[in-house]
Structure formats: structure tokens, C-alpha cells
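*Asks:* Structure: protein21.pdb, PDB, C-alpha atoms.
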```pdb
ATOM      1  CA  MET A   1     109.353  75.032  66.377
ATOM      2  CA  HIS A   2     112.912  74.891  67.663
ATOM      3  CA  LEU A   3     113.582  73.485  71.114
ATOM      4  CA  ARG A   4     115.213  76.769  72.129
ATOM      5  CA  THR A   5     112.040  78.702  71.236
ATOM      6  CA  VAL A   6     109.842  76.263  73.163
ATOM      7  CA  PHE A   7     112.092  76.578  76.203
ATOM      8  CA  ARG A   8     112.167  80.383  75.983
ATOM      9  CA  LEU A   9     108.367  80.558  75.766
ATOM     10  CA  SER A  10     107.700  78.029  78.521
ATOM     11  CA  MET A  11     110.171  79.413  81.089
ATOM     12  CA  PRO A  12     108.142  82.540  82.065
ATOM     13  CA  LEU A  13     105.039  80.375  82.484
ATOM     14  CA  ALA A  14     106.938  77.913  84.683
ATOM     15  CA  LEU A  15     108.291  80.734  86.856
ATOM     16  CA  LEU A  16     104.810  82.205  87.219
ATOM     17  CA  LEU A  17     103.418  78.834  88.302
ATOM     18  CA  LEU A  18     106.191  78.371  90.879
ATOM     19  CA  ALA A  19     105.601  81.853  92.296
ATOM     20  CA  ALA A  20     101.895  81.091  92.622
ATOM     21  CA  CYS A  21     102.730  78.110  94.851
ATOM     22  CA  ALA A  22     104.273  80.248  97.619
ATOM     23  CA  PRO A  23     101.820  81.063 100.406
ATOM     24  CA  ALA A  24     101.181  84.718 101.243
ATOM     25  CA  PRO A  25     102.690  86.265 104.390
ATOM     26  CA  ILE A  26     100.670  85.472 107.512
ATOM     27  CA  TYR A  27     101.030  88.939 109.086
ATOM     28  CA  LYS A  28     100.858  92.387 107.581
ATOM     29  CA  ALA A  29     103.752  94.556 108.696
ATOM     30  CA  ALA A  30     102.671  97.638 110.620
ATOM     31  CA  PRO A  31     103.525 101.006 109.065
ATOM     32  CA  GLY A  32     107.085 101.852 110.087
ATOM     33  CA  ALA A  33     107.791  98.270 111.172
ATOM     34  CA  ILE A  34     111.382  97.517 112.079
ATOM     35  CA  THR A  35     113.249  95.284 109.659
ATOM     36  CA  ALA A  36     116.308  94.914 111.908
ATOM     37  CA  LEU A  37     117.400  91.464 113.013
ATOM     38  CA  PRO A  38     117.332  90.409 116.689
ATOM     39  CA  MET A  39     121.142  90.660 116.925
ATOM     40  CA  GLN A  40     121.035  94.241 115.593
ATOM     41  CA  VAL A  41     118.402  95.252 118.145
ATOM     42  CA  ALA A  42     120.394  93.574 120.942
ATOM     43  CA  HIS A  43     123.486  95.628 120.054
ATOM     44  CA  ALA A  44     121.704  99.007 119.795
ATOM     45  CA  PRO A  45     118.227  98.808 121.414
ATOM     46  CA  GLU A  46     117.962 102.589 121.783
ATOM     47  CA  GLN A  47     117.831 102.902 117.977
ATOM     48  CA  TYR A  48     114.669 100.818 117.717
ATOM     49  CA  GLY A  49     112.541 101.939 120.673
ATOM     50  CA  ASN A  50     109.183 100.178 120.917
ATOM     51  CA  GLY A  51     108.800  99.495 117.211
ATOM     52  CA  SER A  52     106.861  96.585 115.788
ATOM     53  CA  VAL A  53     108.617  93.494 114.450
ATOM     54  CA  ILE A  54     107.810  90.226 112.743
ATOM     55  CA  TRP A  55     110.438  87.679 113.743
ATOM     56  CA  GLY A  56     110.605  83.928 113.689
ATOM     57  CA  GLY A  57     112.819  81.039 114.544
ATOM     58  CA  SER A  58     113.219  77.859 116.525
ATOM     59  CA  VAL A  59     111.844  77.446 120.053
ATOM     60  CA  VAL A  60     114.689  77.065 122.561
ATOM     61  CA  ALA A  61     112.744  77.148 125.838
ATOM     62  CA  VAL A  62     109.325  78.058 127.274
ATOM     63  CA  ARG A  63     109.020  79.437 130.815
ATOM     64  CA  ASN A  64     105.675  80.097 132.519
ATOM     65  CA  PHE A  65     105.207  82.814 135.142
ATOM     66  CA  PRO A  66     102.087  83.717 137.158
ATOM     67  CA  ASP A  67     100.787  86.232 134.581
ATOM     68  CA  HIS A  68     102.736  85.601 131.370
ATOM     69  CA  THR A  69     104.866  83.134 129.422
ATOM     70  CA  GLU A  70     108.314  83.755 127.976
ATOM     71  CA  MET A  71     109.582  81.851 124.950
ATOM     72  CA  GLU A  72     113.259  81.971 124.073
ATOM     73  CA  VAL A  73     113.659  81.767 120.302
ATOM     74  CA  LEU A  74     116.743  81.333 118.123
ATOM     75  CA  GLY A  75     115.903  83.692 115.273
ATOM     76  CA  TYR A  76     116.226  82.790 111.605
ATOM     77  CA  PRO A  77     115.580  84.842 108.472
ATOM     78  CA  LEU A  78     111.989  84.654 107.231
ATOM     79  CA  ASP A  79     111.003  83.795 103.678
ATOM     80  CA  SER A  80     108.361  85.748 101.737
ATOM     81  CA  SER A  81     105.651  83.779 103.585
ATOM     82  CA  GLN A  82     107.247  84.630 106.961
ATOM     83  CA  ARG A  83     108.381  81.053 107.538
ATOM     84  CA  PRO A  84     111.648  80.777 109.485
ATOM     85  CA  GLN A  85     114.491  79.335 107.396
ATOM     86  CA  PRO A  86     116.404  77.021 109.794
ATOM     87  CA  ASN A  87     118.976  76.082 107.137
ATOM     88  CA  ALA A  88     120.172  79.709 107.113
ATOM     89  CA  GLN A  89     122.541  81.309 109.607
ATOM     90  CA  GLY A  90     120.857  82.249 112.904
ATOM     91  CA  VAL A  91     120.158  85.991 113.323
ATOM     92  CA  GLY A  92     120.229  86.173 117.123
ATOM     93  CA  ARG A  93     118.051  85.097 120.009
ATOM     94  CA  PHE A  94     115.069  86.940 121.427
ATOM     95  CA  ILE A  95     112.456  86.447 124.114
ATOM     96  CA  ALA A  96     108.811  86.470 123.043
ATOM     97  CA  ILE A  97     106.502  87.492 125.898
ATOM     98  CA  PHE A  98     102.945  86.120 125.741
ATOM     99  CA  PRO A  99     100.127  87.219 128.062
ATOM    100  CA  GLY A 100      98.777  84.392 130.202
ATOM    101  CA  TYR A 101      99.778  80.746 130.156
ATOM    102  CA  LEU A 102     101.122  78.702 127.228
ATOM    103  CA  GLU A 103     101.299  74.949 127.560
ATOM    104  CA  SER A 104     105.010  74.286 127.015
ATOM    105  CA  PHE A 105     104.194  70.787 125.747
ATOM    106  CA  ASN A 106     102.600  72.442 122.677
ATOM    107  CA  TYR A 107     105.811  74.411 121.968
ATOM    108  CA  PRO A 108     108.597  71.824 122.097
ATOM    109  CA  ASN A 109     112.215  72.770 121.543
ATOM    110  CA  GLY A 110     113.044  72.962 117.850
ATOM    111  CA  ARG A 111     109.532  73.826 116.608
ATOM    112  CA  LEU A 112     109.397  76.820 114.296
ATOM    113  CA  VAL A 113     107.354  79.859 115.252
ATOM    114  CA  THR A 114     106.702  83.332 113.828
ATOM    115  CA  VAL A 115     105.619  86.192 116.095
ATOM    116  CA  ALA A 116     104.368  89.709 115.465
ATOM    117  CA  GLY A 117     104.579  92.238 118.262
ATOM    118  CA  GLN A 118     106.217  95.270 119.855
ATOM    119  CA  LEU A 119     109.759  95.590 121.080
ATOM    120  CA  SER A 120     109.766  96.111 124.848
ATOM    121  CA  GLY A 121     113.421  96.574 125.744
ATOM    122  CA  THR A 122     116.197  94.081 126.346
ATOM    123  CA  ARG A 123     117.289  91.763 129.134
ATOM    124  CA  ALA A 124     120.753  90.602 130.098
ATOM    125  CA  GLY A 125     121.106  86.839 130.266
ATOM    126  CA  SER A 126     123.429  84.132 129.092
ATOM    127  CA  VAL A 127     123.692  81.414 126.494
ATOM    128  CA  ASP A 128     125.540  78.619 128.256
ATOM    129  CA  GLN A 129     128.359  80.521 130.005
ATOM    130  CA  ALA A 130     128.466  83.476 127.582
ATOM    131  CA  PRO A 131     126.721  86.751 128.484
ATOM    132  CA  TYR A 132     123.931  87.628 126.066
ATOM    133  CA  THR A 133     121.502  90.519 125.539
ATOM    134  CA  TYR A 134     118.011  89.396 124.554
ATOM    135  CA  PRO A 135     115.592  91.736 122.772
ATOM    136  CA  LEU A 136     112.104  91.394 124.294
ATOM    137  CA  VAL A 137     109.002  91.211 122.081
ATOM    138  CA  THR A 138     105.519  91.576 123.552
ATOM    139  CA  VAL A 139     103.574  89.241 121.272
ATOM    140  CA  ALA A 140     100.317  90.334 119.633
ATOM    141  CA  GLN A 141     100.077  87.325 117.264
ATOM    142  CA  SER A 142     101.972  84.078 116.858
ATOM    143  CA  HIS A 143     102.002  81.122 114.523
ATOM    144  CA  LEU A 144     103.447  77.670 115.248
ATOM    145  CA  TRP A 145     104.368  76.110 111.895
ATOM    146  CA  THR A 146     103.308  72.579 110.953
ATOM    147  CA  GLN A 147     105.410  70.346 108.716
ATOM    148  CA  ASP A 148     102.765  70.602 105.970
ATOM    149  CA  GLU A 149     102.894  74.413 106.066
ATOM    150  CA  LEU A 150     106.678  74.366 105.898
ATOM    151  CA  ARG A 151     106.550  72.211 102.745
ATOM    152  CA  GLN A 152     104.002  74.465 100.986
ATOM    153  CA  GLY A 153     105.472  76.505  98.186
ATOM    154  CA  HIS A 154     108.357  74.116  97.675
ATOM    155  CA  PRO A 155     107.117  71.891  94.853
ATOM    156  CA  ASN A 156     109.158  68.894  93.830
ATOM    157  CA  ILE A 157     109.463  70.006  90.184
ATOM    158  CA  SER A 158     112.522  70.008  87.965
ATOM    159  CA  PHE A 159     113.049  71.106  84.403
ATOM    160  CA  GLY A 160     115.459  69.590  81.937
ATOM    161  CA  VAL A 161     116.093  68.549  78.377
ATOM    162  CA  GLY A 162     117.141  65.042  77.568
ATOM    163  CA  VAL A 163     116.345  61.764  75.915
ATOM    164  CA  GLY A 164     114.110  59.173  77.516
ATOM    165  CA  VAL A 165     113.834  55.493  76.771
ATOM    166  CA  GLY A 166     110.680  53.487  77.336
ATOM    167  CA  VAL A 167     110.468  49.733  77.730
ATOM    168  CA  HIS A 168     107.354  47.937  76.569
TER
END
```
Before anything else, please render the file you have as C-alpha cells.

*Replies:*
Amino acid sequence: MHLRTVFRLSMPLALLLLAACAPAPIYKAAPGAITALPMQVAHAPEQYGNGSVIWGGSVVAVRNFPDHTEMEVLGYPLDSSQRPQPNAQGVGRFIAIFPGYLESFNYPNGRLVTVAGQLSGTRAGSVDQAPYTYPLVTVAQSHLWTQDELRQGHPNISFGVGVGVGVH
């Protein structure tokens, strides 16, 4: 069999195996879920109403109040498993509102989180000295990503053709 034929036959199998390594999404999108990015919602909140979203990103700050907790998040695009992709360009900040108390020690700055919830308006604020409009998300579910989960689906496999030399 020619090397080209072997490569052509093995490539679909390799792609199938790599696809099988990617974890499934953690949340099922609600019917009619909004696919807009946080920055798009911030610029035109009236277009999105109280729709449901699944957003994720990097924790910027956690603030506790008497009856709820607010988490400021720098949004990133999500991969097919809904993991935030911090090497991509940020897609805007948002505030995730959780009922009750969250221990801020468990959500340190820089940790990656994915939330599913309902849009609940916007709030004027600032990032450093710049004015900023934050979309608000009332959180129904959230997931704080571990390093092991972030590595899943990214196998350390490479394909190539070459000549090897062994030493005995």
C-alpha cells in the first residue's frame, strides 16, 4: 500500500478520535437563547430583553451583599464544551448575580467560570477611569473550571511522516 493511501485512510479515523476527546457542553441552551456577546448586549440592551445566555470568562472581582453576590467577569468566547478561551480576544465584561453568599476565596481573580442565566438589564459603572455599561445576568447555574477540565479535549498528539533512527 502506498504511503499516500495509508495517510488518506487514517486521517478520517484520527479526526474522529480527536473529536471524541472533546467534552460535551455543560449546559443546554434554552430555546431562543441569546447568542450575542456581552459587549453587544451592553451597547443595545433593549434588543435582548430578559433572554437567557450562557457566558463565560475570567473572574475579575467578587462582591458580597446582604442577600446576593455579584461577580464581575471579563468575558471570553466559549469553545464547544462551553469553556472560556482566555487566549482569545475578550468579548466584554458582565456582572453575574448569584442568590445568597459566595465565598470570594473560592472564586479568585483570574479563575475561569461559565454561567447560565437570564439577562436582567444593565448597570453603569467604570473600568479604571473609563465609563462602562455592564450587562447583568441572574445566574441559574455556574461552573468554576479546574485545570484538569481545561486540559480535557486537548490531547498532546501530533501526526507526521518522517524517518526515525534507533540506537541499540

*Asks:* Rank nothing, just name the residue among A:Ile97, A:Leu112, A:Ala33, A:Val62 nearest to Ala140 (chain A), using only C-alpha atoms.

*Replies:* A:Ile97

*Asks:* Quick one, how far is CA of Ser80 (chain A) from CA of Ile54 (chain A)?

*Replies:* 11.9 Å

*Asks:* Using only C-alpha atoms, which residue out of A:Gly32, A:Pro38, A:Pro84, A:Pro99 lies closest to Gly121 (chain A)?

*Replies:*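 Among the listed residues, A:Pro38 lies closest to Gly121 (chain A).
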
*Asks:* Taking the file as shown, what set of residues would the PyMOL selection byres ((chain A and resi 44-48) around 8) give back, as a PyMOL selection string?

*Replies:* chain A and resi 34+40-43+49-51+119+121-122+135

*Asks:* I need the residue set behind the PyMOL selection byres ((chain A and resi 109) around 10) for this file; please write it as a PyMOL selection string.

*Replies:* chain A and resi 58-62+72-73+104-108+110-112

*Asks:* When you count all atoms listed in the file, which of these residues is closest to Gln85 (chain A): A:Tyr27, A:Leu150, A:Pro66, A:Val137?

*Replies:*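 Smallest distance to Gln85 (chain A) is found for A:Leu150.
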
*Asks:* Point out the residue among A:Thr138, A:Gln82, A:Asn64, A:Thr146 with the least atom-to-atom distance to Ile95 (chain A), counting all atoms listed in the file.

*Replies:*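 Of the candidates, the smallest distance to Ile95 (chain A) is held by A:Thr138.
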
*Asks:* Which is closer to Leu144 (chain A) than all the others in A:Lys28, A:Arg83, A:Arg93, A:Arg63, using all atoms listed in the file?

*Replies:*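 Of A:Lys28, A:Arg83, A:Arg93, A:Arg63, the one nearest Leu144 (chain A) is A:Arg83, counting all atoms listed in the file.
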
*Asks:* When you look at Val139 (chain A) with a cut-off of 12 Å (counting all atoms listed in the file), what residues show up, excluding the ones that are within fewer than 4 positions of it in the same chain? I need them as a list of chain:residue names.

*Replies:*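 Within the cut-off, the hits are A:Ser52, A:Val53, A:Ile54, A:Trp55, A:Gly56, A:His68, A:Thr69, A:Glu70, A:Met71, A:Phe94, A:Ile95, A:Ala96, A:Ile97, A:Phe98, A:Pro99, A:Gly100, A:Val113, A:Thr114, A:Val115, A:Ala116, A:Gly117, A:Gln118, A:Leu119, A:Ser120, A:His143.
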